[in-house]
>>> print(open('final_29.txt').read())   # compact mmCIF, C-alpha atoms
# COMPACT_ATOMS: atom_id res chain seq x y z
CA LYS V 372 59.40 126.69 124.27
CA ILE V 373 57.30 124.09 126.19
CA GLY V 374 53.62 124.18 125.27
CA VAL V 375 54.08 126.59 122.38
CA PRO V 376 52.96 125.17 118.99
CA ILE V 377 55.67 124.58 116.44
CA MET V 378 55.44 126.90 113.45
CA ARG V 379 56.33 125.36 110.10
CA ILE V 380 58.02 127.63 107.56
CA LEU V 381 58.66 126.55 103.99
CA LEU V 382 61.34 128.48 102.14
CA VAL V 383 61.04 128.56 98.38
CA GLY V 384 64.38 130.07 97.54
CA LYS V 385 68.12 129.79 97.33
CA TYR V 386 69.69 127.60 99.99
CA PRO V 387 72.64 125.20 100.26
CA PRO V 388 73.82 123.13 98.48
CA CYS V 389 73.54 126.16 96.18
CA GLN V 390 76.38 128.63 96.72
CA GLY V 391 76.10 132.30 97.49
CA GLY V 392 75.78 134.86 100.26
CA VAL V 393 71.98 134.76 100.41
CA ALA V 394 71.94 130.96 100.64
CA ALA V 395 74.57 131.02 103.40
CA ARG V 396 72.68 133.66 105.41
CA TYR V 397 69.54 131.54 105.33
CA TYR V 398 71.51 128.46 106.36
CA TRP V 399 72.81 130.16 109.52
CA LEU V 400 69.55 131.96 110.28
CA TYR V 401 67.39 128.83 110.06
CA SER V 402 69.93 126.70 111.93
CA GLU V 403 69.99 129.08 114.89
CA LEU V 404 66.25 129.88 114.93
CA SER V 405 65.33 126.18 114.95
CA ARG V 406 67.79 125.61 117.80
CA ILE V 407 66.34 128.33 120.05
CA TYR V 408 62.67 128.71 119.12
CA ARG V 409 59.82 126.34 118.29
CA LEU V 410 60.28 126.88 114.58
CA HIS V 411 60.63 124.18 111.95
CA PHE V 412 62.02 124.92 108.49
CA ASN V 413 62.03 123.07 105.21
CA VAL V 414 63.29 124.23 101.84
CA VAL V 415 62.50 123.86 98.15
CA THR V 416 65.34 125.16 96.00
CA LEU V 417 66.49 124.91 92.40
CA GLU V 418 69.50 122.79 91.57
CA CYS V 419 72.49 124.98 90.75
CA PRO V 420 75.02 124.33 87.98
CA PRO V 421 77.91 122.06 89.08
CA TYR V 422 80.40 124.92 89.00
CA ILE V 423 78.57 126.74 91.80
CA THR V 424 77.54 123.79 93.96
CA PRO V 425 79.71 122.92 96.99
CA SER V 426 79.95 119.61 98.77
CA VAL V 427 76.78 118.62 100.62
CA GLU V 428 76.60 119.01 104.37
CA SER V 429 77.24 115.65 106.08
CA GLU V 430 74.20 115.90 108.39
CA PRO V 431 71.75 118.47 107.00
CA LEU V 432 70.05 120.53 109.70
CA ILE V 433 67.18 121.57 107.43
CA SER V 434 65.35 119.17 105.10
CA THR V 435 65.89 120.41 101.55
CA ARG V 436 64.06 119.41 98.36
CA VAL V 437 66.33 120.21 95.42
CA VAL V 438 64.37 120.67 92.19
CA SER V 439 66.26 118.96 89.39
CA ALA V 440 68.02 120.81 86.57
CA GLN V 441 66.14 121.52 83.37
CA SER V 442 68.20 119.13 81.24
CA ASP V 443 65.72 116.27 81.70
CA ARG V 444 62.57 118.26 81.02
CA PRO V 445 60.13 117.14 78.32
CA TRP V 446 60.09 118.92 74.99
CA THR V 447 57.37 121.57 74.99
CA ILE V 448 55.79 124.16 72.75
CA PRO V 449 56.61 126.93 73.53
CA GLU V 450 60.07 125.88 74.65
CA VAL V 451 60.60 127.09 78.23
CA ASP V 452 62.73 125.98 81.17
CA LEU V 453 59.72 125.35 83.49
CA ALA V 454 61.62 126.56 86.57
CA VAL V 455 58.57 128.23 88.13
CA GLU V 456 56.38 125.24 87.37
CA ARG V 457 58.94 122.82 88.88
CA LEU V 458 59.16 124.86 92.07
CA CYS V 459 55.39 125.10 92.40
CA SER V 460 54.81 121.41 91.77
CA THR V 461 57.51 120.27 94.20
CA ALA V 462 56.37 122.67 96.93
CA LEU V 463 52.70 121.75 96.59
CA GLU V 464 53.44 118.03 96.61
CA TYR V 465 55.64 118.34 99.67
CA SER V 466 53.10 120.57 101.45
CA LYS V 467 50.61 117.70 101.53
CA SER V 468 52.66 116.15 104.32
CA TYR V 469 54.56 119.13 105.70
CA LYS V 470 51.55 121.50 105.94
CA PRO V 471 53.45 124.81 106.23
CA ASP V 472 52.08 127.72 108.23
CA ILE V 473 54.17 130.33 106.41
CA ILE V 474 55.80 130.54 102.98
CA GLU V 475 59.05 132.48 102.72
CA CYS V 476 61.05 133.33 99.64
CA ASN V 477 64.26 135.04 98.57
CA TYR V 478 65.01 136.35 95.08
CA LEU V 479 62.14 137.74 93.03
CA ALA V 480 62.74 135.51 90.00
CA PRO V 481 61.92 132.70 89.84
CA TYR V 482 61.30 132.11 93.55
CA GLY V 483 59.11 135.15 94.18
CA ILE V 484 56.79 134.42 91.26
CA ALA V 485 56.47 130.77 92.31
CA SER V 486 55.94 131.65 95.97
CA VAL V 487 52.99 133.94 95.25
CA PHE V 488 51.18 131.06 93.55
CA ILE V 489 52.13 128.57 96.28
CA ALA V 490 51.11 130.86 99.16
CA GLN V 491 47.77 131.77 97.58
CA TYR V 492 46.97 128.16 96.72
CA LEU V 493 47.79 126.98 100.25
CA LYS V 494 46.23 130.09 101.84
CA CYS V 495 49.44 130.80 103.76
CA PRO V 496 50.99 134.19 104.54
CA LEU V 497 54.02 135.03 102.40
CA ILE V 498 57.27 136.61 103.56
CA LEU V 499 59.46 138.12 100.84
CA ARG V 500 63.11 138.99 101.35
CA PRO V 501 64.46 140.32 98.02
CA ALA V 502 68.17 140.21 97.33
CA SER V 503 70.17 143.35 96.60
CA SER V 504 70.64 142.29 92.99
CA ASP V 505 66.85 141.97 92.64
CA ILE V 506 66.30 145.55 93.69
CA VAL V 507 69.16 147.05 91.70
CA LYS V 508 68.75 145.08 88.47
CA LEU V 509 65.39 143.35 87.99
CA LEU V 510 63.04 146.05 89.24
CA ALA V 511 64.48 148.43 86.65
CA TRP V 512 63.81 146.03 83.75
CA PRO V 513 60.67 147.30 81.94
CA GLU V 514 59.67 143.89 80.56
CA ILE V 515 59.18 142.30 83.99
CA LYS V 516 58.97 145.10 86.55
CA HIS V 517 55.14 145.04 86.75
CA ALA V 518 55.14 141.31 87.50
CA LEU V 519 57.82 141.74 90.15
CA ASN V 520 56.02 144.69 91.72
CA SER V 521 53.03 142.35 92.03
CA VAL V 522 55.17 139.96 94.07
CA PHE V 523 55.70 142.77 96.58
CA ASN V 524 52.03 143.68 96.62
CA LEU V 525 50.89 140.07 97.12
CA SER V 526 53.37 139.41 99.91
CA ASP V 527 52.22 139.88 103.50
CA VAL V 528 55.61 141.05 104.75
CA VAL V 529 58.67 142.38 102.93
CA LEU V 530 61.94 142.16 104.90
CA LEU V 531 64.72 144.59 104.06
CA PRO V 532 67.85 145.97 105.73
CA PRO V 533 67.07 149.57 106.76
CA GLU V 534 69.49 151.05 104.21
CA ARG V 535 67.75 149.17 101.37
CA ILE V 536 64.28 150.59 101.97
CA LYS V 537 65.22 153.84 100.21
CA LEU V 538 65.69 151.89 96.97
CA PHE V 539 61.93 151.37 96.76
CA LYS V 540 61.08 154.93 95.83
CA ASN V 541 60.34 153.86 92.23
CA THR V 542 58.21 150.81 93.06
CA THR V 543 54.45 150.64 93.35
CA ILE V 544 53.99 148.78 96.63
CA SER V 545 50.38 149.05 97.75
CA SER V 546 51.18 149.27 101.45
CA ARG V 547 54.47 150.59 102.76
CA SER V 548 53.57 149.29 106.22
CA LYS V 549 54.33 145.74 105.09
CA ILE V 550 58.02 146.66 104.65
CA LEU V 551 59.83 145.76 107.86
CA PRO V 552 63.47 146.68 108.56
CA VAL V 553 65.61 143.75 109.66
CA LEU V 554 69.35 143.39 110.06
CA ARG V 555 70.97 142.09 106.90
CA TYR V 556 73.04 139.39 108.60
CA VAL V 557 74.70 138.69 111.93
CA PRO V 558 76.96 135.61 112.26
CA SER V 559 76.34 133.07 114.97
CA PRO V 560 78.70 133.74 117.91
CA PHE V 561 78.51 130.02 118.68
CA SER V 562 80.12 129.10 115.35
CA PHE V 563 82.11 132.26 114.57
CA SER V 564 83.81 132.58 117.96
CA PRO V 565 87.16 134.30 118.64
CA SER V 566 90.20 132.05 118.32
CA PRO V 567 93.97 132.56 118.05
CA ALA V 568 95.53 132.61 114.59
CA SER V 569 98.14 130.14 113.43
CA ARG V 570 101.64 131.27 112.53
CA LYS V 571 101.08 130.73 108.81
CA ARG V 572 100.01 133.87 106.94
CA ILE V 573 96.98 132.70 104.96
CA LEU V 574 94.64 134.97 103.04
CA LEU V 575 91.21 133.46 102.38
CA VAL V 576 89.43 134.30 99.12
CA ALA V 577 85.97 132.75 98.89
CA GLY V 578 82.94 133.16 96.66
CA LYS V 579 81.71 133.12 93.10
CA ILE V 580 83.91 133.96 90.15
CA ASN V 581 81.09 135.22 87.98
CA TYR V 582 80.80 137.66 85.08
CA TYR V 583 81.83 140.66 87.19
CA TRP V 584 84.67 138.88 89.00
CA ARG V 585 87.17 141.58 87.97
CA LEU V 586 85.29 144.01 90.19
CA LYS V 587 86.59 141.96 93.14
CA ALA V 588 90.07 143.41 92.47
CA LEU V 589 91.68 139.96 92.33
CA ASP V 590 94.15 141.26 89.74
CA THR V 591 95.36 143.86 92.24
CA LEU V 592 95.58 141.20 94.93
CA LEU V 593 97.76 138.92 92.80
CA SER V 594 100.04 141.77 91.73
CA ALA V 595 100.56 142.76 95.36
CA ILE V 596 100.96 139.35 96.96
CA CYS V 597 103.23 137.75 94.34
CA ASP V 598 106.32 139.35 95.98
CA CYS V 599 105.15 138.61 99.55
CA SER V 600 106.55 135.12 99.84
CA GLU V 601 105.37 134.56 103.43
CA TRP V 602 101.74 134.80 102.36
CA HIS V 603 99.70 131.84 101.09
CA LEU V 604 96.33 132.07 99.30
CA ARG V 605 93.49 129.71 100.16
CA LEU V 606 90.88 129.88 97.38
CA ALA V 607 87.41 128.53 98.17
CA ILE V 608 86.01 129.62 94.82
CA GLY V 609 84.04 128.42 91.83
CA GLY V 610 81.89 129.78 89.06
CA LYS V 611 81.44 130.09 85.35
CA TYR V 612 84.52 132.31 84.93
CA CYS V 613 86.77 130.43 87.34
CA ASN V 614 89.10 129.23 84.57
CA ASP V 615 89.74 132.83 83.51
CA PHE V 616 90.85 133.70 87.02
CA ILE V 617 92.96 130.54 87.36
CA ASP V 618 94.82 131.48 84.16
CA LEU V 619 95.65 134.84 85.74
CA LEU V 620 96.53 133.14 89.02
CA ASN V 621 99.01 130.75 87.39
CA ALA V 622 100.62 133.61 85.50
CA LYS V 623 101.28 135.44 88.77
CA LEU V 624 101.87 132.80 91.46
CA ASP V 625 103.70 129.51 91.73
CA PRO V 626 101.24 126.68 92.56
CA SER V 627 103.02 126.20 95.90
CA ARG V 628 101.74 129.64 96.96
CA TYR V 629 98.05 128.80 96.82
CA THR V 630 95.51 126.09 97.68
CA LEU V 631 92.41 125.74 95.52
CA THR V 632 89.60 124.00 97.42
CA GLY V 633 86.55 124.90 95.35
CA PHE V 634 83.31 125.95 96.98
CA VAL V 635 82.64 124.84 100.53
CA HIS V 636 79.39 124.42 102.44
CA PRO V 637 78.62 127.33 104.83
CA ALA V 638 79.10 124.95 107.76
CA GLN V 639 82.80 124.71 106.84
CA MET V 640 83.37 128.46 106.68
CA PRO V 641 84.11 129.08 110.40
CA ASP V 642 86.97 126.60 110.29
CA LEU V 643 88.37 128.09 107.07
CA ILE V 644 88.38 131.59 108.53
CA LYS V 645 89.93 130.42 111.80
CA LYS V 646 92.80 128.84 109.85
CA SER V 647 93.46 132.15 108.06
CA TRP V 648 95.01 135.49 109.00
CA ALA V 649 92.77 137.58 106.79
CA VAL V 650 89.78 137.46 104.44
CA TRP V 651 89.51 139.25 101.07
CA ASN V 652 86.25 141.25 100.89
CA VAL V 653 87.35 143.89 98.39
CA GLN V 654 85.10 145.22 95.64
CA ARG V 655 85.58 147.95 93.07
CA ASN V 656 82.91 150.54 92.51
CA GLY V 657 80.43 149.41 89.88
CA GLY V 658 79.07 146.14 91.30
CA VAL V 659 75.97 145.56 93.37
CA GLU V 660 76.26 147.81 96.42
CA ASP V 661 76.79 145.10 98.97
CA PHE V 662 79.56 143.25 100.78
CA PRO V 663 80.23 139.62 101.71
CA ASN V 664 79.02 137.82 104.83
CA MET V 665 82.68 137.07 105.53
CA HIS V 666 83.33 140.65 106.62
CA TRP V 667 81.30 140.20 109.81
CA GLU V 668 82.41 136.57 110.16
CA ALA V 669 86.11 137.48 110.05
CA LEU V 670 85.72 140.24 112.63
CA ALA V 671 83.71 137.97 114.94
CA ILE V 672 86.51 135.39 114.88
CA GLY V 673 89.25 138.00 115.18
CA ARG V 674 90.70 138.10 111.68
CA TYR V 675 91.54 140.92 109.31
CA SER V 676 88.95 141.89 106.72
CA PHE V 677 90.30 143.61 103.61
CA VAL V 678 87.69 145.98 102.17
CA SER V 679 87.78 148.77 99.62
CA THR V 680 87.41 152.36 100.70
CA TYR V 681 84.25 152.37 98.56
CA VAL V 682 82.57 149.43 100.32
CA SER V 683 83.68 150.67 103.74
CA GLN V 684 81.22 153.55 103.29
CA HIS V 685 78.27 151.12 103.15
CA PRO V 686 75.70 152.05 105.85
CA ASP V 687 75.64 148.53 107.24
CA MET V 688 79.36 148.78 108.02
CA ASP V 689 79.07 151.76 110.34
CA ASP V 690 79.77 149.57 113.37
CA THR V 691 82.96 148.15 111.92
CA CYS V 692 84.61 150.48 109.42
CA TYR V 693 86.99 151.97 112.02
CA HIS V 694 87.75 148.66 113.71
CA ARG V 695 91.45 147.79 113.92
CA LEU V 696 90.90 144.50 112.10
CA VAL V 697 89.37 146.27 109.07
CA ILE V 698 92.00 146.99 106.40
CA LYS V 699 90.71 149.62 103.96
CA ILE V 700 92.49 149.72 100.61
CA ASN V 701 92.37 151.31 97.19
CA PRO V 702 91.38 148.34 94.99
CA ASP V 703 93.60 149.62 92.17
CA ASP V 704 96.76 150.32 94.18
CA ALA V 705 98.87 147.14 94.26
CA ILE V 706 101.95 148.94 95.63
CA SER V 707 100.20 150.17 98.78
CA LEU V 708 98.53 146.79 99.22
CA LYS V 709 101.89 145.01 99.02
CA LYS V 710 103.20 147.25 101.78
CA LYS V 711 100.23 146.33 103.98
CA PHE V 712 100.90 142.61 103.45
CA LEU V 713 104.55 143.04 104.41
CA GLU V 714 103.78 145.06 107.54
CA LEU V 715 100.67 143.30 108.85
CA PRO V 716 101.19 141.74 112.31
CA SER V 717 99.45 138.59 113.48
CA PRO V 718 95.73 139.32 114.06
CA ASP V 719 94.80 139.91 117.69
CA PHE V 720 91.75 137.74 118.33
CA SER V 721 91.21 139.46 121.70
CA ILE V 722 89.81 142.48 119.84
CA ALA V 723 87.28 140.42 117.85
CA ILE V 724 84.01 142.29 117.54
CA ASN V 725 81.36 141.31 120.10
CA ILE V 726 78.24 140.27 118.21
CA GLN V 727 76.28 138.55 120.99
CA ASN V 728 73.74 141.32 121.64
CA LYS V 729 73.30 142.07 117.96
CA PHE V 730 72.83 138.38 117.22
CA THR V 731 70.19 137.99 119.95
CA HIS V 732 68.26 140.94 118.50
CA TYR V 733 68.65 139.49 114.99
CA LEU V 734 67.04 136.18 115.97
CA LYS V 735 64.37 137.70 118.20
CA SER V 736 63.19 140.10 115.48
CA HIS V 737 62.74 137.22 113.05
CA ASN V 738 60.88 135.10 115.59
CA ASN V 739 58.53 138.02 116.32
CA ILE V 740 57.79 138.41 112.60
CA TYR V 741 56.88 134.72 112.27
CA LYS V 742 54.69 134.92 115.40
CA SER V 743 52.85 137.95 114.00
CA LEU V 744 51.78 135.93 110.96
CA TYR V 745 50.95 132.67 112.74
>>> encode(input="final_29.txt", output="C-alpha cells")
Amino acid sequence: KIGVPIMRILLVGKYPPCQGGVAARYYWLYSELSRIYRLHFNVVTLECPPYITPSVESEPLISTRVVSAQSDRPWTIPEVDLAVERLCSTALEYSKSYKPDIIECNYLAPYGIASVFIAQYLKCPLILRPASSDIVKLLAWPEIKHALNSVFNLSDVVLLPPERIKLFKNTTISSRSKILPVLRYVPSPFSFSPSPASRKRILLVAGKINYYWRLKALDTLLSAICDCSEWHLRLAIGGKYCNDFIDLLNAKLDPSRYTLTGFVHPAQMPDLIKKSWAVWNVQRNGGVEDFPNMHWEALAIGRYSFVSTYVSQHPDMDDTCYHRLVIKINPDDAISLKKKFLELPSPDFSIAINIQNKFTHYLKSHNNIYKSLY
C-alpha cells in the first residue's frame, strides 16, 4: 500500500442506512476494500422511508451523504419528485472537495440515470452494477427500456455475477466486452467467523416485508413452528406490509414466542446470526430469482440456512446446496417443515463453510477493476 496513490470512489446508489441486500453487500465490500487496499469510498444515497430504515451505525466507516426525502421539495410545474436532480446536485456539490476518480452506481433508476450525468460532467469513468430486480423488471418495461439501455452503453464497466450475464440477450449494449463477471457476494470471514451456538433454538427472519412478502413462505413457517414450543423467532424485519405480517404472526404465535427488533444495520447482522440456530432464506417460485446474503453468512458462521428446493437450484448456490447446514424444504409443506424443526440437532459450527479463499478473490477482483480505470 505504501507509495501507491489513493483512489477515490464515489458511489451514487443504495447504501446504509437504507435497508436491503444490495445496500448491505456494498457496506461489507467497501468496508473490507478500504481496510486492505488504498481505496477511499464515499456515498450519495436517497433517504429511504422510515419503515425501511434501520438504526444508524454508531461509527460510520464510509462517509455517506443522504439526500433528503421529497416531502420538503418546492412546488413545481410539472410536478415531479426531483430524485435524479437531488442526487446529481448533492454529488456534484460534494465532488468539489472530494474529487472522485471513479463513479460507481447500483440500481438503474434513479441512480443509474443520475450517475451517467455525474460521471460525464466530472469526466470520470463509470462502473454500473445493476440489481437483479433491474434486469428482470425494468429492462422489460417499454416506456423506459431505451433510457436504461443507454445507462449500460454510457458506463465504462458493467459488473454482473456470471449467471446474470445471460439475461442480457435482449439488451442493446454497444460493447459486450465492458461486461465483467464478478462474484455476487462473499461475506467477510473476519466478521462472519465460525462460533458455537447457544442452547436456545432461535430462528432468525430478517429483511423487507414488501408487496411480495407472501412469496417468502412466512405463512408456512408460522404454521409449522407454532407447535414447536422449543423454538423462538427473532424478527429483524420492516417494510410497508409489515403490519399485515404481524397480524398473521399474532394469530399464530403467542408474543412470548417471538422477538420483534425491526431492521438492523448490516454491522449488527453477524451478532444476530451467531445468537441464532438457523436463518430463514426461503422463497417461493415467482419472485426475483435471487437469494439473501444471509445464506452465505449463516454457513460461514456455522448455522443452518433454510432454503426452498427452488432457490437451491440457483447457479450461485452450487458450492453450498449439498452442505449439511443447508436445509432444503418445500415452501408449501408445513407438516414436513414442522418435522424438521422437531428433529434438528444443534448446528455444528466446526463444519462452517470456509470462505477465506473465495473472499480474497472477491476483493482482489474488485481492486483490479478499480485499478484498470484509474
>>> closest_residue(input="final_29.txt", among="V:Leu509, V:Leu497, V:Val576, V:Leu463", to="Leu631 (chain V)", atoms="only C-alpha atoms")
V:Val576
>>> residues_around(input="final_29.txt", residues="Ser566 (chain V)", least_positions_apart="3", cutoff="8 Å", atoms="all atoms listed in the file", output="PyMOL selection string")
chain V and resi 645+672-673+720
>>> write_last_selection(input="final_29.txt", atoms="C-alpha atoms", output="CSV table (one decimal), in the coordinates of the input")
chain,number,residue,atom,x,y,z
V,645,LYS,CA,89.9,130.4,111.8
V,672,ILE,CA,86.5,135.4,114.9
V,673,GLY,CA,89.2,138.0,115.2
V,720,PHE,CA,91.8,137.7,118.3
>>> residues_around(input="final_29.txt", residues="Phe488 (chain V)", least_positions_apart="2", cutoff="12 Å", atoms="all atoms listed in the file", output="PyMOL selection string")
chain V and resi 383+455-456+458-460+462-463+474+476+481-486+490-497+521-522+525-526
>>> residues_around(input="final_29.txt", residues="region 728-741 of chain V", least_positions_apart="5", cutoff="8 Å", atoms="all atoms listed in the file", output="ChimeraX atom specification")
/V:400,403-404,408,473,553-554,556-560
>>> write_last_selection(input="final_29.txt", atoms="C-alpha atoms", output="PDB file, in the coordinates of the input")
ATOM      1  CA  LEU V 400      69.550 131.960 110.280  1.00  0.00           C
ATOM      2  CA  GLU V 403      69.990 129.080 114.890  1.00  0.00           C
ATOM      3  CA  LEU V 404      66.250 129.880 114.930  1.00  0.00           C
ATOM      4  CA  TYR V 408      62.670 128.710 119.120  1.00  0.00           C
ATOM      5  CA  ILE V 473      54.170 130.330 106.410  1.00  0.00           C
ATOM      6  CA  VAL V 553      65.610 143.750 109.660  1.00  0.00           C
ATOM      7  CA  LEU V 554      69.350 143.390 110.060  1.00  0.00           C
ATOM      8  CA  TYR V 556      73.040 139.390 108.600  1.00  0.00           C
ATOM      9  CA  VAL V 557      74.700 138.690 111.930  1.00  0.00           C
ATOM     10  CA  PRO V 558      76.960 135.610 112.260  1.00  0.00           C
ATOM     11  CA  SER V 559      76.340 133.070 114.970  1.00  0.00           C
ATOM     12  CA  PRO V 560      78.700 133.740 117.910  1.00  0.00           C
TER      13      PRO V 560
END
>>> atom_distance(input="final_29.txt", atom1="CA of Trp651 (chain V)", atom2="CA of Ile726 (chain V)")
20.5 Å
>>> atom_distance(input="final_29.txt", atom1="CA of Pro388 (chain V)", atom2="CA of Ala649 (chain V)")
25.2 Å
>>> closest_residue(input="final_29.txt", among="V:Ile380, V:Met665, V:Ala671, V:Leu744", to="Pro565 (chain V)", atoms="all atoms listed in the file")
V:Ala671
>>> atom_distance(input="final_29.txt", atom1="CA of Pro552 (chain V)", atom2="CA of Thr680 (chain V)")
25.8 Å
>>> closest_residue(input="final_29.txt", among="V:Pro501, V:Arg406, V:Ala394, V:Ala511", to="Arg535 (chain V)", atoms="only C-alpha atoms")
V:Pro501
>>> closest_residue(input="final_29.txt", among="V:Trp512, V:Tyr629, V:Gly578, V:Gly610", to="Cys419 (chain V)", atoms="all atoms listed in the file")
V:Gly610
>>> closest_residue(input="final_29.txt", among="V:Thr416, V:Ser569, V:Thr591, V:Ser402", to="Leu643 (chain V)", atoms="all atoms listed in the file")
V:Ser569
>>> residues_around(input="final_29.txt", residues="Lys579 (chain V)", least_positions_apart="5", cutoff="8 Å", atoms="all atoms listed in the file", output="number ranges by chain")
V: 390-391, 423, 584, 608-610
>>> closest_residue(input="final_29.txt", among="V:Ser627, V:Gln727, V:Ser594, V:Ser600", to="Leu708 (chain V)", atoms="all atoms listed in the file")
V:Ser594
